[in-house]
$ cat entry_25.pdb   # PDB, C-alpha atoms
MODEL        1
ATOM      1  CA  MET A  39     123.892 121.643  91.003
ATOM      2  CA  VAL A  40     120.546 121.046  92.703
ATOM      3  CA  GLY A  41     119.696 117.346  92.881
ATOM      4  CA  ARG A  42     116.459 115.779  91.774
ATOM      5  CA  LYS A  43     113.404 115.865  93.973
ATOM      6  CA  SER A  44     112.664 112.931  96.243
ATOM      7  CA  ARG A  45     110.157 110.559  94.647
ATOM      8  CA  ILE A  46     107.209 110.068  97.005
ATOM      9  CA  ALA A  47     104.596 107.321  97.192
ATOM     10  CA  VAL A  48     101.498 108.025  99.284
ATOM     11  CA  MET A  49      99.656 104.976 100.646
ATOM     12  CA  VAL A  50      95.945 105.373 101.354
ATOM     13  CA  SER A  51      92.805 103.481 102.316
ATOM     14  CA  GLY A  52      89.970 106.017 102.271
ATOM     15  CA  GLY A  53      88.975 109.552 101.391
ATOM     16  CA  GLY A  54      92.481 110.903 100.978
ATOM     17  CA  THR A  55      92.174 114.270 102.727
ATOM     18  CA  ASN A  56      95.796 114.071 103.862
ATOM     19  CA  LEU A  57      96.782 113.074 100.334
ATOM     20  CA  GLN A  58      95.001 116.200  99.086
ATOM     21  CA  ALA A  59      96.905 118.325 101.589
ATOM     22  CA  LEU A  60     100.158 116.901 100.234
ATOM     23  CA  ILE A  61      99.088 117.458  96.621
ATOM     24  CA  ASP A  62      98.143 121.060  97.391
ATOM     25  CA  ALA A  63     101.476 121.619  99.161
ATOM     26  CA  GLN A  64     103.607 120.622  96.161
ATOM     27  CA  GLY A  65     105.646 123.546  94.903
ATOM     28  CA  LYS A  66     104.728 125.561  98.007
ATOM     29  CA  VAL A  67     105.604 123.856 101.281
ATOM     30  CA  LEU A  68     106.730 120.614  99.645
ATOM     31  CA  MET A  69     109.589 121.802  97.426
ATOM     32  CA  ASP A  70     112.116 118.961  97.544
ATOM     33  CA  GLY A  71     109.691 116.091  96.989
ATOM     34  CA  GLU A  72     107.195 115.081  94.336
ATOM     35  CA  ILE A  73     104.306 112.623  94.635
ATOM     36  CA  VAL A  74     104.791 110.167  91.775
ATOM     37  CA  LEU A  75     102.574 107.310  92.969
ATOM     38  CA  VAL A  76      99.494 106.618  95.088
ATOM     39  CA  ILE A  77      98.945 103.083  96.398
ATOM     40  CA  ALA A  78      95.515 102.127  97.734
ATOM     41  CA  ASN A  79      94.475  98.944  99.537
ATOM     42  CA  ASN A  80      90.816  99.725  98.905
ATOM     43  CA  ALA A  81      89.485  99.784  95.348
ATOM     44  CA  LYS A  82      86.701 102.189  96.365
ATOM     45  CA  ALA A  83      88.955 104.732  98.100
ATOM     46  CA  TYR A  84      88.114 108.276  97.008
ATOM     47  CA  ALA A  85      91.824 108.998  97.283
ATOM     48  CA  ILE A  86      92.193 107.248  93.917
ATOM     49  CA  THR A  87      89.968 109.926  92.368
ATOM     50  CA  ARG A  88      92.079 112.642  93.991
ATOM     51  CA  ALA A  89      95.205 111.098  92.473
ATOM     52  CA  LYS A  90      93.589 110.914  89.042
ATOM     53  CA  GLU A  91      92.498 114.559  89.200
ATOM     54  CA  ALA A  92      96.098 115.515  90.035
ATOM     55  CA  ALA A  93      97.458 113.334  87.192
ATOM     56  CA  ILE A  94      99.307 111.092  89.655
ATOM     57  CA  PRO A  95      99.535 107.372  88.793
ATOM     58  CA  SER A  96      97.720 105.100  91.235
ATOM     59  CA  LYS A  97      97.738 101.381  91.895
ATOM     60  CA  VAL A  98      95.287  99.277  93.891
ATOM     61  CA  ILE A  99      96.866  96.372  95.777
ATOM     62  CA  LEU A 100      94.443  94.148  97.701
ATOM     63  CA  LYS A 101      95.580  91.800 100.441
ATOM     64  CA  LYS A 102      92.495  89.586 100.047
ATOM     65  CA  GLU A 103      93.386  88.920  96.414
ATOM     66  CA  LEU A 104      97.011  88.106  97.223
ATOM     67  CA  GLY A 105      96.205  85.765 100.078
ATOM     68  CA  SER A 106      98.752  86.757 102.722
ATOM     69  CA  GLN A 107     100.503  89.688 104.347
ATOM     70  CA  ASP A 108     103.824  88.557 102.848
ATOM     71  CA  ALA A 109     102.430  88.484  99.307
ATOM     72  CA  PHE A 110     100.691  91.833  99.881
ATOM     73  CA  GLU A 111     103.900  93.485 101.051
ATOM     74  CA  GLU A 112     105.961  91.943  98.258
ATOM     75  CA  ALA A 113     103.522  93.388  95.701
ATOM     76  CA  ILE A 114     103.856  96.816  97.309
ATOM     77  CA  LEU A 115     107.663  96.575  97.408
ATOM     78  CA  LYS A 116     107.806  95.625  93.734
ATOM     79  CA  THR A 117     105.613  98.603  92.831
ATOM     80  CA  LEU A 118     107.766 100.950  94.924
ATOM     81  CA  ALA A 119     110.873  99.642  93.165
ATOM     82  CA  ASP A 120     109.253 100.053  89.745
ATOM     83  CA  TYR A 121     108.639 103.739  90.518
ATOM     84  CA  GLN A 122     112.052 104.253  92.191
ATOM     85  CA  ILE A 123     110.435 105.550  95.368
ATOM     86  CA  ASP A 124     112.609 107.399  97.885
ATOM     87  CA  LEU A 125     109.980 108.219 100.514
ATOM     88  CA  ILE A 126     106.698 106.582 101.577
ATOM     89  CA  ILE A 127     103.942 108.533 103.318
ATOM     90  CA  LEU A 128     101.115 106.676 105.039
ATOM     91  CA  ALA A 129      98.077 108.947 104.821
ATOM     92  CA  GLY A 130      95.175 107.078 106.387
ATOM     93  CA  PHE A 131      96.592 103.699 105.369
ATOM     94  CA  MET A 132      94.670 101.218 107.519
ATOM     95  CA  THR A 133      97.060  98.265 107.394
ATOM     96  CA  ILE A 134      99.967  97.612 109.740
ATOM     97  CA  LEU A 135     103.238  96.967 107.892
ATOM     98  CA  SER A 136     105.642  94.303 109.129
ATOM     99  CA  GLY A 137     109.062  94.954 110.587
ATOM    100  CA  ASP A 138     110.631  93.333 107.531
ATOM    101  CA  PHE A 139     108.895  95.902 105.314
ATOM    102  CA  THR A 140     109.685  98.945 107.437
ATOM    103  CA  LYS A 141     113.375  97.991 107.769
ATOM    104  CA  ARG A 142     113.731  98.155 103.986
ATOM    105  CA  TYR A 143     112.712 101.815 104.109
ATOM    106  CA  GLU A 144     114.211 102.756 107.465
ATOM    107  CA  ASN A 145     113.662 106.460 108.214
ATOM    108  CA  ARG A 146     111.913 106.728 104.841
ATOM    109  CA  ILE A 147     108.315 105.977 105.876
ATOM    110  CA  LEU A 148     106.186 108.686 107.498
ATOM    111  CA  ASN A 149     102.819 108.390 109.195
ATOM    112  CA  VAL A 150     100.460 111.019 110.565
ATOM    113  CA  HIS A 151      98.578 110.081 113.735
ATOM    114  CA  PRO A 152      95.672 112.135 115.178
ATOM    115  CA  SER A 153      96.966 112.540 118.721
ATOM    116  CA  LEU A 154      99.966 113.876 120.585
ATOM    117  CA  ILE A 155     102.033 110.691 120.792
ATOM    118  CA  PRO A 156     102.710 109.022 123.248
ATOM    119  CA  LYS A 157      99.084 109.671 124.233
ATOM    120  CA  TYR A 158      96.281 107.711 122.544
ATOM    121  CA  CYS A 159      98.396 105.721 120.111
ATOM    122  CA  GLY A 160      99.344 102.140 119.366
ATOM    123  CA  ASP A 161      97.147  99.135 118.618
ATOM    124  CA  GLY A 162      93.443  99.965 118.529
ATOM    125  CA  PHE A 163      93.855 103.740 118.366
ATOM    126  CA  TYR A 164      92.829 104.911 114.909
ATOM    127  CA  GLY A 165      90.250 107.179 113.306
ATOM    128  CA  LEU A 166      87.408 108.314 115.557
ATOM    129  CA  LYS A 167      88.540 105.941 118.307
ATOM    130  CA  VAL A 168      91.403 108.333 119.086
ATOM    131  CA  HIS A 169      89.121 111.338 119.450
ATOM    132  CA  GLU A 170      86.575 109.347 121.478
ATOM    133  CA  ALA A 171      89.357 108.448 123.928
ATOM    134  CA  VAL A 172      90.561 112.057 124.136
ATOM    135  CA  LEU A 173      87.055 113.292 124.990
ATOM    136  CA  ALA A 174      86.393 110.447 127.437
ATOM    137  CA  ALA A 175      89.573 111.387 129.315
ATOM    138  CA  GLY A 176      88.528 115.036 129.544
ATOM    139  CA  GLU A 177      91.642 116.338 127.809
ATOM    140  CA  SER A 178      91.811 120.088 127.144
ATOM    141  CA  VAL A 179      94.427 119.743 124.397
ATOM    142  CA  THR A 180      95.005 117.169 121.672
ATOM    143  CA  GLY A 181      96.691 117.397 118.277
ATOM    144  CA  ALA A 182      98.525 115.397 115.650
ATOM    145  CA  THR A 183     101.939 113.788 115.241
ATOM    146  CA  VAL A 184     104.048 112.916 112.215
ATOM    147  CA  HIS A 185     106.528 110.159 112.952
ATOM    148  CA  TYR A 186     108.778 107.648 111.263
ATOM    149  CA  VAL A 187     107.278 104.180 110.905
ATOM    150  CA  ASN A 188     108.960 101.136 112.400
ATOM    151  CA  GLU A 189     107.824  97.680 113.548
ATOM    152  CA  ILE A 190     105.996  99.157 116.580
ATOM    153  CA  THR A 191     102.560 100.679 115.904
ATOM    154  CA  ASP A 192     102.962 104.468 116.228
ATOM    155  CA  GLY A 193     106.340 103.775 117.841
ATOM    156  CA  GLY A 194     108.798 105.445 115.482
ATOM    157  CA  GLN A 195     110.742 108.630 116.133
ATOM    158  CA  ILE A 196     108.578 111.758 116.286
ATOM    159  CA  ILE A 197     109.303 114.297 113.554
ATOM    160  CA  MET A 198     106.729 116.984 114.245
ATOM    161  CA  GLN A 199     103.693 117.669 116.449
ATOM    162  CA  LYS A 200     101.031 120.368 116.627
ATOM    163  CA  GLU A 201      98.553 121.000 119.424
ATOM    164  CA  VAL A 202      94.834 121.599 118.935
ATOM    165  CA  LYS A 203      92.488 122.845 121.647
ATOM    166  CA  VAL A 204      89.559 120.677 122.686
ATOM    167  CA  GLU A 205      86.453 122.875 122.694
ATOM    168  CA  PRO A 206      83.421 122.592 125.007
ATOM    169  CA  GLY A 207      80.723 120.523 123.351
ATOM    170  CA  ASP A 208      83.106 118.763 120.994
ATOM    171  CA  THR A 209      82.013 115.473 119.508
ATOM    172  CA  PRO A 210      84.490 112.931 118.146
ATOM    173  CA  GLU A 211      83.508 114.064 114.660
ATOM    174  CA  SER A 212      83.972 117.797 115.299
ATOM    175  CA  LEU A 213      87.285 117.177 117.055
ATOM    176  CA  GLN A 214      88.500 114.949 114.228
ATOM    177  CA  LYS A 215      87.690 117.664 111.694
ATOM    178  CA  ARG A 216      89.512 120.352 113.663
ATOM    179  CA  VAL A 217      92.581 118.174 114.261
ATOM    180  CA  MET A 218      92.784 117.492 110.527
ATOM    181  CA  GLU A 219      92.347 121.129 109.531
ATOM    182  CA  GLN A 220      94.535 122.719 112.220
ATOM    183  CA  ALA A 221      97.235 120.064 112.601
ATOM    184  CA  GLU A 222      97.381 117.090 110.207
ATOM    185  CA  TRP A 223      97.044 119.037 106.958
ATOM    186  CA  MET A 224      99.694 121.494 108.141
ATOM    187  CA  ILE A 225     102.417 119.344 109.662
ATOM    188  CA  LEU A 226     102.280 116.420 107.220
ATOM    189  CA  PRO A 227     103.457 118.516 104.232
ATOM    190  CA  MET A 228     106.034 120.250 106.444
ATOM    191  CA  ALA A 229     107.441 116.930 107.632
ATOM    192  CA  ALA A 230     107.381 115.563 104.083
ATOM    193  CA  GLN A 231     109.455 118.541 102.985
ATOM    194  CA  MET A 232     111.899 118.123 105.865
ATOM    195  CA  VAL A 233     112.554 114.471 105.043
ATOM    196  CA  SER A 234     112.536 115.019 101.265
ATOM    197  CA  GLU A 235     115.198 117.680 101.693
ATOM    198  CA  ARG A 236     117.307 115.362 103.861
ATOM    199  CA  LEU A 237     117.083 112.584 101.279
ATOM    200  CA  ARG A 238     117.955 114.957  98.432
ATOM    201  CA  LYS A 239     121.035 116.192 100.287
ATOM    202  CA  GLU A 240     122.089 112.615 101.020
ATOM    203  CA  ARG A 241     121.889 111.791  97.320
ATOM    204  CA  GLU A 242     123.938 114.889  96.469
ATOM    205  CA  ASP A 243     126.594 113.936  99.036
ATOM    206  CA  GLU A 244     126.862 110.476  97.479
ATOM    207  CA  CYS A 245     127.623 112.090  94.120
ATOM    208  CA  ILE A 246     130.454 114.241  95.444
TER     209      ILE A 246
ENDMDL
END
$ encode --input "entry_25.pdb" --output "structure tokens"
Amino acid sequence: MVGRKSRIAVMVSGGGTNLQALIDAQGKVLMDGEIVLVIANNAKAYAITRAKEAAIPSKVILKKELGSQDAFEEAILKTLADYQIDLIILAGFMTILSGDFTKRYENRILNVHPSLIPKYCGDGFYGLKVHEAVLAAGESVTGATVHYVNEITDGGQIIMQKEVKVEPGDTPESLQKRVMEQAEWMILPMAAQMVSERLRKEREDECI
């Protein structure tokens, strides 16, 4: 008997282009997982609209309203438990999660980073800053990485990477767009499927 799909929560802060890639991949690339929840830490995030259009429940959890990182993370953990989440995907989620949080979902939190880790990653490397650094260094190749999340920023085990060529005349904005289109939107659903399948098989083995 085929087990149930892995229940996925996607955590977002902004426009949600990676969320959209995951939504579009459901039933195609992403076969063993289903997005059942979107959590945003920004009430104005367009990703919330994307979730609504896809009929996916969303919840806004704001650190400034809760007063501390501990209270913020506890609110997220309670929501994840309420939805029986198996796998968390950080898709442009602009808050660092504590080691206590990540240990509770060890090897069950994914993040996509817009460089070829270990290059241009860690504290301070996010968004356009990554692509600015790539261009300033004169790199001919960049790309994206999907990795597990642990207590070290961008320090978890690498799951998948894809290279993208740096073109003459690139700006940080043009490079960011190409890395998203040619790498992030491709490997994030593939990695989500890989981990969702592993989790499904683990659940099946427990039932034997």
$ residues_around --input "entry_25.pdb" --residues "Arg42 (chain A)" --least-positions-apart "5" --cutoff "10 Å" --atoms "all atoms listed in the file" --output "PyMOL selection string"
chain A and resi 70-72+238-239+241-242
$ residues_around --input "entry_25.pdb" --residues "Leu237 (chain A)" --least-positions-apart "6" --cutoff "9 Å" --atoms "only C-alpha atoms" --output "MDAnalysis selection string"
chainID A and resid 43:44 70 124:125 146
$ closest_residue --input "entry_25.pdb" --among "A:Leu75, A:Ala119, A:Val187, A:Ala92" --to "Ile61 (chain A)" --atoms "all atoms listed in the file"
A:Ala92
$ atom_distance --input "entry_25.pdb" --atom1 "CA of Ser51 (chain A)" --atom2 "CA of Val202 (chain A)"
24.7 Å
$ residues_around --input "entry_25.pdb" --residues "region 179-183 of chain A" --least-positions-apart "4" --cutoff "8 Å" --atoms "all atoms listed in the file" --output "number ranges by chain"
A: 150-155, 172, 196-204, 217-218, 221-222, 225
$ resolve_selection --input "entry_25.pdb" --expression "the PyMOL selection byres ((chain A and resi 93) around 12)" --output "list of chain:residue names"
A:Ile61, A:Ile73, A:Val74, A:Leu75, A:Val76, A:Ile86, A:Thr87, A:Arg88, A:Ala89, A:Lys90, A:Glu91, A:Ala92, A:Ile94, A:Pro95, A:Ser96
$ resolve_selection --input "entry_25.pdb" --expression "the PyMOL selection byres ((chain A and resi 50) around 12)" --output "PyMOL selection string"
chain A and resi 47-49+51-58+75-89+96-100+126-133+149-150
$ closest_residue --input "entry_25.pdb" --among "A:Gln195, A:Ser234, A:Gln107, A:Ser178" --to "Asp208 (chain A)" --atoms "only C-alpha atoms"
A:Ser178
$ atom_distance --input "entry_25.pdb" --atom1 "CA of Tyr186 (chain A)" --atom2 "CA of Gly160 (chain A)"
13.6 Å
$ closest_residue --input "entry_25.pdb" --among "A:Ile190, A:Ala59, A:Leu68, A:Met228" --to "Leu135 (chain A)" --atoms "all atoms listed in the file"
A:Ile190
$ atom_distance --input "entry_25.pdb" --atom1 "CA of Gly165 (chain A)" --atom2 "CA of Lys116 (chain A)"
28.7 Å
$ residues_around --input "entry_25.pdb" --residues "Glu111 (chain A)" --least-positions-apart "2" --cutoff "9 Å" --atoms "only C-alpha atoms" --output "number ranges by chain"
A: 101, 106-109, 113-116, 135-136, 139
$ write_last_selection --input "entry_25.pdb" --atoms "C-alpha atoms" --output "PDB file, in the coordinates of the input"
ATOM      1  CA  LYS A 101      95.580  91.800 100.441  1.00  0.00           C
ATOM      2  CA  SER A 106      98.752  86.757 102.722  1.00  0.00           C
ATOM      3  CA  GLN A 107     100.503  89.688 104.347  1.00  0.00           C
ATOM      4  CA  ASP A 108     103.824  88.557 102.848  1.00  0.00           C
ATOM      5  CA  ALA A 109     102.430  88.484  99.307  1.00  0.00           C
ATOM      6  CA  ALA A 113     103.522  93.388  95.701  1.00  0.00           C
ATOM      7  CA  ILE A 114     103.856  96.816  97.309  1.00  0.00           C
ATOM      8  CA  LEU A 115     107.663  96.575  97.408  1.00  0.00           C
ATOM      9  CA  LYS A 116     107.806  95.625  93.734  1.00  0.00           C
ATOM     10  CA  LEU A 135     103.238  96.967 107.892  1.00  0.00           C
ATOM     11  CA  SER A 136     105.642  94.303 109.129  1.00  0.00           C
ATOM     12  CA  PHE A 139     108.895  95.902 105.314  1.00  0.00           C
TER      13      PHE A 139
END
$ closest_residue --input "entry_25.pdb" --among "A:His185, A:Arg142, A:Lys102, A:Lys167" --to "Ala230 (chain A)" --atoms "all atoms listed in the file"
A:His185
$ decode --input "entry_25.pdb" --residues "region 62-76 of chain A" --atoms "all heavy atoms" --output "mmCIF file, in the first residue's frame"
data_model
loop_
_atom_site.group_PDB
_atom_site.id
_atom_site.type_symbol
_atom_site.label_atom_id
_atom_site.label_comp_id
_atom_site.auth_asym_id
_atom_site.auth_seq_id
_atom_site.Cartn_x
_atom_site.Cartn_y
_atom_site.Cartn_z
ATOM 1 N N ASP A 62 3.482 24.892 -8.376
ATOM 2 C CA ASP A 62 3.364 24.444 -9.764
ATOM 3 C C ASP A 62 3.908 23.032 -9.960
ATOM 4 O O ASP A 62 3.509 22.331 -10.896
ATOM 5 C CB ASP A 62 4.101 25.410 -10.692
ATOM 6 C CG ASP A 62 3.452 26.793 -10.747
ATOM 7 O OD1 ASP A 62 2.283 26.924 -10.325
ATOM 8 O OD2 ASP A 62 4.131 27.745 -11.187
ATOM 9 N N ALA A 63 4.842 22.628 -9.080
ATOM 10 C CA ALA A 63 5.470 21.310 -9.218
ATOM 11 C C ALA A 63 4.636 20.176 -8.620
ATOM 12 O O ALA A 63 4.910 19.003 -8.883
ATOM 13 C CB ALA A 63 6.845 21.324 -8.560
ATOM 14 N N GLN A 64 3.610 20.516 -7.833
ATOM 15 C CA GLN A 64 2.811 19.482 -7.188
ATOM 16 C C GLN A 64 2.100 18.617 -8.231
ATOM 17 O O GLN A 64 1.506 19.131 -9.181
ATOM 18 C CB GLN A 64 1.790 20.105 -6.237
ATOM 19 C CG GLN A 64 2.418 20.755 -5.024
ATOM 20 C CD GLN A 64 1.387 21.190 -3.992
ATOM 21 O OE1 GLN A 64 1.403 20.744 -2.856
ATOM 22 N NE2 GLN A 64 0.505 22.086 -4.391
ATOM 23 N N GLY A 65 2.220 17.314 -8.050
ATOM 24 C CA GLY A 65 1.611 16.382 -8.988
ATOM 25 C C GLY A 65 2.430 16.163 -10.242
ATOM 26 O O GLY A 65 2.045 15.362 -11.105
ATOM 27 N N LYS A 66 3.562 16.857 -10.355
ATOM 28 C CA LYS A 66 4.448 16.713 -11.513
ATOM 29 C C LYS A 66 5.819 16.248 -11.024
ATOM 30 O O LYS A 66 6.122 15.067 -11.030
ATOM 31 C CB LYS A 66 4.537 18.037 -12.276
ATOM 32 C CG LYS A 66 3.179 18.514 -12.797
ATOM 33 C CD LYS A 66 3.250 19.939 -13.308
ATOM 34 C CE LYS A 66 1.871 20.467 -13.685
ATOM 35 N NZ LYS A 66 1.891 21.901 -14.040
ATOM 36 N N VAL A 67 6.619 17.182 -10.567
ATOM 37 C CA VAL A 67 7.906 16.831 -9.958
ATOM 38 C C VAL A 67 7.702 16.399 -8.507
ATOM 39 O O VAL A 67 8.264 15.405 -8.046
ATOM 40 C CB VAL A 67 8.886 18.024 -10.022
ATOM 41 C CG1 VAL A 67 10.177 17.709 -9.272
ATOM 42 C CG2 VAL A 67 9.185 18.399 -11.456
ATOM 43 N N LEU A 68 6.887 17.175 -7.798
ATOM 44 C CA LEU A 68 6.629 16.902 -6.378
ATOM 45 C C LEU A 68 5.429 15.967 -6.254
ATOM 46 O O LEU A 68 4.279 16.402 -6.227
ATOM 47 C CB LEU A 68 6.378 18.222 -5.640
ATOM 48 C CG LEU A 68 6.120 18.160 -4.129
ATOM 49 C CD1 LEU A 68 7.202 17.381 -3.412
ATOM 50 C CD2 LEU A 68 5.998 19.567 -3.562
ATOM 51 N N MET A 69 5.724 14.668 -6.178
ATOM 52 C CA MET A 69 4.686 13.632 -6.171
ATOM 53 C C MET A 69 4.405 13.070 -4.777
ATOM 54 O O MET A 69 3.284 12.651 -4.488
ATOM 55 C CB MET A 69 5.101 12.482 -7.091
ATOM 56 C CG MET A 69 5.349 12.893 -8.531
ATOM 57 S SD MET A 69 3.849 13.426 -9.377
ATOM 58 C CE MET A 69 2.980 11.856 -9.506
ATOM 59 N N ASP A 70 5.418 13.050 -3.924
ATOM 60 C CA ASP A 70 5.284 12.404 -2.619
ATOM 61 C C ASP A 70 5.065 13.399 -1.484
ATOM 62 O O ASP A 70 5.059 13.014 -0.320
ATOM 63 C CB ASP A 70 6.516 11.551 -2.317
ATOM 64 C CG ASP A 70 6.536 10.287 -3.164
ATOM 65 O OD1 ASP A 70 5.658 9.438 -2.959
ATOM 66 O OD2 ASP A 70 7.418 10.165 -4.028
ATOM 67 N N GLY A 71 4.890 14.659 -1.825
ATOM 68 C CA GLY A 71 4.638 15.688 -0.824
ATOM 69 C C GLY A 71 3.522 16.608 -1.258
ATOM 70 O O GLY A 71 3.258 16.766 -2.455
ATOM 71 N N GLU A 72 2.879 17.217 -0.279
ATOM 72 C CA GLU A 72 1.784 18.152 -0.548
ATOM 73 C C GLU A 72 1.918 19.358 0.370
ATOM 74 O O GLU A 72 2.105 19.206 1.588
ATOM 75 C CB GLU A 72 0.444 17.468 -0.301
ATOM 76 C CG GLU A 72 -0.761 18.365 -0.537
ATOM 77 C CD GLU A 72 -2.081 17.656 -0.234
ATOM 78 O OE1 GLU A 72 -2.048 16.543 0.320
ATOM 79 O OE2 GLU A 72 -3.122 18.233 -0.558
ATOM 80 N N ILE A 73 1.848 20.552 -0.201
ATOM 81 C CA ILE A 73 1.904 21.775 0.604
ATOM 82 C C ILE A 73 0.548 21.970 1.275
ATOM 83 O O ILE A 73 -0.467 22.153 0.602
ATOM 84 C CB ILE A 73 2.240 23.002 -0.260
ATOM 85 C CG1 ILE A 73 3.569 22.795 -0.998
ATOM 86 C CG2 ILE A 73 2.323 24.261 0.605
ATOM 87 C CD1 ILE A 73 3.827 23.807 -2.095
ATOM 88 N N VAL A 74 0.544 21.910 2.602
ATOM 89 C CA VAL A 74 -0.713 22.032 3.349
ATOM 90 C C VAL A 74 -0.759 23.298 4.193
ATOM 91 O O VAL A 74 -1.785 23.603 4.813
ATOM 92 C CB VAL A 74 -0.948 20.800 4.246
ATOM 93 C CG1 VAL A 74 -1.060 19.539 3.403
ATOM 94 C CG2 VAL A 74 0.152 20.650 5.299
ATOM 95 N N LEU A 75 0.342 24.063 4.193
ATOM 96 C CA LEU A 75 0.399 25.265 5.027
ATOM 97 C C LEU A 75 1.487 26.196 4.517
ATOM 98 O O LEU A 75 2.563 25.755 4.121
ATOM 99 C CB LEU A 75 0.709 24.876 6.482
ATOM 100 C CG LEU A 75 0.928 26.012 7.484
ATOM 101 C CD1 LEU A 75 -0.359 26.802 7.693
ATOM 102 C CD2 LEU A 75 1.454 25.464 8.811
ATOM 103 N N VAL A 76 1.187 27.501 4.538
ATOM 104 C CA VAL A 76 2.185 28.540 4.291
ATOM 105 C C VAL A 76 2.240 29.424 5.531
ATOM 106 O O VAL A 76 1.211 29.892 6.013
ATOM 107 C CB VAL A 76 1.849 29.371 3.041
ATOM 108 C CG1 VAL A 76 2.768 30.585 2.927
ATOM 109 C CG2 VAL A 76 1.954 28.509 1.781
#
